[in-house]
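Participant: So that we are looking at the same thing, I have put the structure below in structure tokens.
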Amino acid sequence: MNSLVLMFIGFAAFIAGFFIYSKFIAEKILRLDPNFKTPSHEFEDGVDYVPTNKFVLWGHHFTSVAGAAPIVGPAIAVIWGWAPAFLWVILGTVFFAGVHDMSAIWASVRNKGYSIGTISGQILSKRARSLMMVVIFLLLLMVNAVFAVVIAGMMIKTPSAVVPVWGALVVAFFIGQAIYKFKLNLPLVSLVGVIALYFLIYIGPSMPVSLPDNVLGLDANAAWIVILFIYAAVASMLPVWMLLQPRDYINGLQLFVGLIALYVSFVIVSPDIVAPAFNSNLPAGTPSMFPLLFVTIACGAISGFHGLVSTGTTAKQIKSEPDARFVGYFGAIGEGLLALAAILAVTAGFASLSEWEAVYSAFGKGGIGAFIDGGGKIMSMGIGLSPELSATMLTVMAALFAGTTMDTGVRLQRYIFQEWGEVYNLNILKNGNVATLFAVGSCLLLAFGAGGADGKGGMIIWPLFGTTNQLMAGLTLLIITVMVMRQKSAIRYTLIPLVFLLFVTIAGLLLQLVSFYNKGNWLLIFLDCIILIATIMVCLESFAILKKEFVKQ
């Protein structure tokens, strides 16, 4: 199979999804209203609630939800063969992720920009809200603690990426000033910003940066983790227009340019896929494809973290309700394009099947390293970049995705602590600075308290991320389905995805429970049970409400 066949099938599906399916959902099911006063106007404060151009907001949303997961998940899941991964990414993006993300923004906009956890208290019950908040907190804790480890690893493995990654912050600051302070022309500012970012990538290999082996008693990996959390704490307290939003916007443009370069390289090289469509020669210890395929590929198909971003930061910046379609659905399309590129890079970026099998020698192998190596080879052959520059470019893409997700994740965790302060009348948590300290402190406690001096404690609970993340998506769709039913729209477009997600993820949690028990991992058994019980209780309440609404109608 030639990689171009899959590439063009994917493009066609995404184009049809955005121009046909998303238009139908927006107009006939959600009924997005241009006259509805959005929270960004109603509560405008210049910090969190900021009416934002939909193109700028798309950049923030897209890069925040993407992270490294649309690369890592598909790059691992192809061990079962390229066909299952390809089908799940395409169908998941069009019928699951796009609808989920757009609808989550709509749900939050209709509820004063509240997070999905708080919305659950208004739509379902106070008990459901408390249970949802626990699941949300654990999910954000995993994302923030683990992404810090991932970014630190990239900084160490590819020193040439350090200057471009951190230099992007300086570029973003000036972009924010140019757009909001000086009201300069957006296309011109965007062009200058992208050129500046790619200039940093160009000079990166000539200016590698490596931390010393010992930094105040910490090794290089731990030092990077601490630096990342200090930055994330500061960024989460700044007004969104000053750093977070322009950084995400300009990163989104830069990353799309990088994706275009990668896809152009595929067109030029036209490599054949060497991996099998369905792998009948699985390495020993590889788990069953069902249900783990749908858990391993989350971002790039559908992800609960998207709902947290959609209802956490994005909904507070929506200028007009119909913008939710472009920001939410097209944001999911962007992530689907990244996941598709990852699949092609790790299945067609190798010289032979034997070379591919050597990399995919066990479940969990491959991942971001296979994407950088395979994609780097394709780009080097396609557009003539040196292997080092290609690797730097792809590493910067992955690191910027992960960094923007971590930025947003810490801000979302700050929101959670502040909402707890509001809900339980804890005045100390209502303060943004204090809430930020609690957010970062909980992540560092996990990173170093559970992980020791290397700061990798987040990896201990990471095995639960996939199932927890997908359960969050299912629970978000549950709440959206109740809202859709109450406005007397057809619910099958959200009900079918949520039933499928809840089925596969609860099955995944039960399988994990057995695996954790066999390994004697009591911490993960405990957390698995908490998540499973919370999910079942929220589901029971949701379906009871759906039944009542059905009887009313």
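Please note that chains go A, B, ... in the order of the structure tokens, that every chain numbers its residues from 1, and that ligands are numbered from 1 in the order shown.
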Give me, as a list in words, all polymer residues having an atom no more than 9 Å from segment 365-370 of chain A, counting only C-alpha atoms and skipping those fewer than 2 positions away in the same chain.
Facilitator: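 Skipping anything fewer than 2 positions along the chain leaves Ala68, Ile71, Val72, Gly73, Pro74, Ala75, Ile76, Ala77, Ile79, Ala342, Ala345, Val346, Gly349, Val359, Tyr360, Ser361, Ala362, Phe363, Ile372, Asp373, Gly374, Gly375, Thr395 and Ala398 of chain A.
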Participant: Taking 6 positions as the minimum chain separation for residues in the same chain, which residues sit within 12 Å of Val226 of chain A when counting only C-alpha atoms? Answer as a list in words.
Facilitator: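 Selected residues are Ala145, Ala148, Val149, Ile151, Ala152, Val215, Leu216, Leu218, Asp219, Ala220, Ala232, Ala233, Val440, Gly441, Cys443, Leu444, Leu445, Ala447, Phe448, Ala453, Asp454, Gly455 and Lys456 of chain A.
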Participant: Extract the full set of alpha helix (DSSP H) residues from segment 279-354 of chain A according to DSSP on the backbone, and format it as a PyMOL selection string.
Facilitator: chain A and resi 289-296+304-309+323-324+330-348+353-354
Participant: Next, the residues of the selection above should be written as an mmCIF file, in the first residue's frame with N, CA and C atoms.
Facilitator:
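Contents of out_34.cif, as written:
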data_model
loop_
_atom_site.group_PDB
_atom_site.id
_atom_site.type_symbol
_atom_site.label_atom_id
_atom_site.label_comp_id
_atom_site.auth_asym_id
_atom_site.auth_seq_id
_atom_site.Cartn_x
_atom_site.Cartn_y
_atom_site.Cartn_z
ATOM 1 N N MET A 289 -6.097 -6.192 20.991
ATOM 2 C CA MET A 289 -6.391 -4.915 20.337
ATOM 3 C C MET A 289 -7.674 -4.299 20.891
ATOM 4 N N PHE A 290 -8.663 -5.129 21.186
ATOM 5 C CA PHE A 290 -9.906 -4.624 21.774
ATOM 6 C C PHE A 290 -9.892 -4.905 23.265
ATOM 7 N N PRO A 291 -10.089 -3.914 24.110
ATOM 8 C CA PRO A 291 -10.481 -2.538 23.796
ATOM 9 C C PRO A 291 -9.311 -1.542 23.774
ATOM 10 N N LEU A 292 -8.063 -2.044 23.876
ATOM 11 C CA LEU A 292 -6.948 -1.128 24.126
ATOM 12 C C LEU A 292 -6.618 -0.202 22.956
ATOM 13 N N LEU A 293 -6.989 -0.578 21.720
ATOM 14 C CA LEU A 293 -6.749 0.334 20.607
ATOM 15 C C LEU A 293 -7.428 1.672 20.854
ATOM 16 N N PHE A 294 -8.660 1.634 21.366
ATOM 17 C CA PHE A 294 -9.468 2.845 21.538
ATOM 18 C C PHE A 294 -9.062 3.635 22.774
ATOM 19 N N VAL A 295 -8.202 3.043 23.578
ATOM 20 C CA VAL A 295 -7.653 3.725 24.749
ATOM 21 C C VAL A 295 -6.264 4.262 24.438
ATOM 22 N N THR A 296 -5.499 3.469 23.670
ATOM 23 C CA THR A 296 -4.139 3.875 23.307
ATOM 24 C C THR A 296 -4.163 5.104 22.404
ATOM 25 N N GLY A 304 -10.846 12.921 26.414
ATOM 26 C CA GLY A 304 -11.530 13.645 27.474
ATOM 27 C C GLY A 304 -10.828 14.930 27.860
ATOM 28 N N PHE A 305 -9.503 14.969 27.679
ATOM 29 C CA PHE A 305 -8.759 16.186 27.994
ATOM 30 C C PHE A 305 -9.243 17.355 27.137
ATOM 31 N N HIS A 306 -9.709 17.054 25.918
ATOM 32 C CA HIS A 306 -10.247 18.104 25.045
ATOM 33 C C HIS A 306 -11.439 18.791 25.708
ATOM 34 N N GLY A 307 -12.270 18.013 26.386
ATOM 35 C CA GLY A 307 -13.431 18.582 27.055
ATOM 36 C C GLY A 307 -13.023 19.519 28.177
ATOM 37 N N LEU A 308 -11.917 19.184 28.857
ATOM 38 C CA LEU A 308 -11.430 20.045 29.932
ATOM 39 C C LEU A 308 -10.929 21.370 29.375
ATOM 40 N N VAL A 309 -10.213 21.319 28.251
ATOM 41 C CA VAL A 309 -9.724 22.548 27.618
ATOM 42 C C VAL A 309 -10.895 23.345 27.041
ATOM 43 N N ASP A 323 -18.530 30.461 16.533
ATOM 44 C CA ASP A 323 -17.091 30.218 16.437
ATOM 45 C C ASP A 323 -16.712 28.860 17.021
ATOM 46 N N ALA A 324 -17.587 28.297 17.845
ATOM 47 C CA ALA A 324 -17.311 26.990 18.460
ATOM 48 C C ALA A 324 -17.105 25.917 17.395
ATOM 49 N N PHE A 330 -12.746 22.128 13.925
ATOM 50 C CA PHE A 330 -11.535 22.215 13.107
ATOM 51 C C PHE A 330 -10.284 21.979 13.949
ATOM 52 N N GLY A 331 -10.356 22.287 15.239
ATOM 53 C CA GLY A 331 -9.254 21.940 16.134
ATOM 54 C C GLY A 331 -9.047 20.439 16.185
ATOM 55 N N ALA A 332 -10.161 19.686 16.232
ATOM 56 C CA ALA A 332 -10.078 18.216 16.212
ATOM 57 C C ALA A 332 -9.533 17.727 14.871
ATOM 58 N N ILE A 333 -9.906 18.400 13.777
ATOM 59 C CA ILE A 333 -9.370 18.039 12.464
ATOM 60 C C ILE A 333 -7.848 18.214 12.449
ATOM 61 N N GLY A 334 -7.376 19.319 13.026
ATOM 62 C CA GLY A 334 -5.934 19.550 13.099
ATOM 63 C C GLY A 334 -5.226 18.428 13.823
ATOM 64 N N GLU A 335 -5.829 17.980 14.904
ATOM 65 C CA GLU A 335 -5.231 16.879 15.660
ATOM 66 C C GLU A 335 -5.299 15.568 14.881
ATOM 67 N N GLY A 336 -6.392 15.373 14.139
ATOM 68 C CA GLY A 336 -6.498 14.184 13.299
ATOM 69 C C GLY A 336 -5.429 14.170 12.223
ATOM 70 N N LEU A 337 -5.131 15.354 11.655
ATOM 71 C CA LEU A 337 -4.064 15.449 10.654
ATOM 72 C C LEU A 337 -2.711 15.091 11.255
ATOM 73 N N LEU A 338 -2.481 15.503 12.496
ATOM 74 C CA LEU A 338 -1.225 15.161 13.162
ATOM 75 C C LEU A 338 -1.139 13.661 13.423
ATOM 76 N N ALA A 339 -2.249 13.063 13.872
ATOM 77 C CA ALA A 339 -2.274 11.622 14.125
ATOM 78 C C ALA A 339 -2.069 10.837 12.833
ATOM 79 N N LEU A 340 -2.693 11.307 11.745
ATOM 80 C CA LEU A 340 -2.511 10.649 10.443
ATOM 81 C C LEU A 340 -1.052 10.724 10.007
ATOM 82 N N ALA A 341 -0.430 11.897 10.180
ATOM 83 C CA ALA A 341 0.986 12.051 9.833
ATOM 84 C C ALA A 341 1.852 11.100 10.653
ATOM 85 N N ALA A 342 1.497 10.932 11.931
ATOM 86 C CA ALA A 342 2.262 10.022 12.791
ATOM 87 C C ALA A 342 2.164 8.582 12.284
ATOM 88 N N ILE A 343 0.944 8.171 11.900
ATOM 89 C CA ILE A 343 0.752 6.806 11.385
ATOM 90 C C ILE A 343 1.587 6.583 10.127
ATOM 91 N N LEU A 344 1.544 7.545 9.215
ATOM 92 C CA LEU A 344 2.300 7.409 7.972
ATOM 93 C C LEU A 344 3.803 7.400 8.233
ATOM 94 N N ALA A 345 4.264 8.259 9.150
ATOM 95 C CA ALA A 345 5.700 8.351 9.429
ATOM 96 C C ALA A 345 6.249 7.064 10.034
ATOM 97 N N VAL A 346 5.468 6.435 10.917
ATOM 98 C CA VAL A 346 5.993 5.245 11.610
ATOM 99 C C VAL A 346 5.700 3.943 10.866
ATOM 100 N N THR A 347 4.975 4.024 9.765
ATOM 101 C CA THR A 347 4.733 2.810 8.969
ATOM 102 C C THR A 347 5.404 2.863 7.600
ATOM 103 N N ALA A 348 5.696 4.093 7.108
ATOM 104 C CA ALA A 348 6.346 4.234 5.805
ATOM 105 C C ALA A 348 7.740 4.845 5.909
ATOM 106 N N LEU A 353 10.160 -4.206 6.222
ATOM 107 C CA LEU A 353 9.343 -4.771 7.302
ATOM 108 C C LEU A 353 10.226 -5.220 8.459
ATOM 109 N N SER A 354 11.371 -5.825 8.145
ATOM 110 C CA SER A 354 12.254 -6.305 9.214
ATOM 111 C C SER A 354 12.781 -5.144 10.055
#
Participant: Could you please determine the separation between atom CA of Asp101 of chain A and atom CA of Lys319 of chain A in Å, to one decimal place?
Facilitator: 16.6 Å
Participant: Which of these, A:Ala97, A:Val78, A:Met155, A:Met485, has the shortest distance to Tyr329 of chain A once you count only C-alpha atoms?
Facilitator: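 Between A:Ala97, A:Val78, A:Met155, A:Met485, the residue approaching Tyr329 of chain A most closely is A:Ala97.
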Participant: Under the rule that only C-alpha atoms are counted, which of A:Gly167, A:Leu124, A:Met102, A:Thr535 is the nearest residue to Met472 of chain A?
Facilitator: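 So, comparing all the options, the nearest one is A:Thr535.
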Participant: Fewer than 4 positions away in the same chain doesn't count, so skip those; otherwise give me all residues within 9 Å of segment 27-30 of chain A, counting only C-alpha atoms, as a list of chain:residue names.
Facilitator: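 Counting only C-alpha atoms, the residues come to A:Ser22, A:Lys23, A:Ser103, A:Trp106, A:Pro322, A:Val484, A:Gln487, A:Lys488, A:Ser489, A:Ala490, A:Ile491, A:Tyr493.
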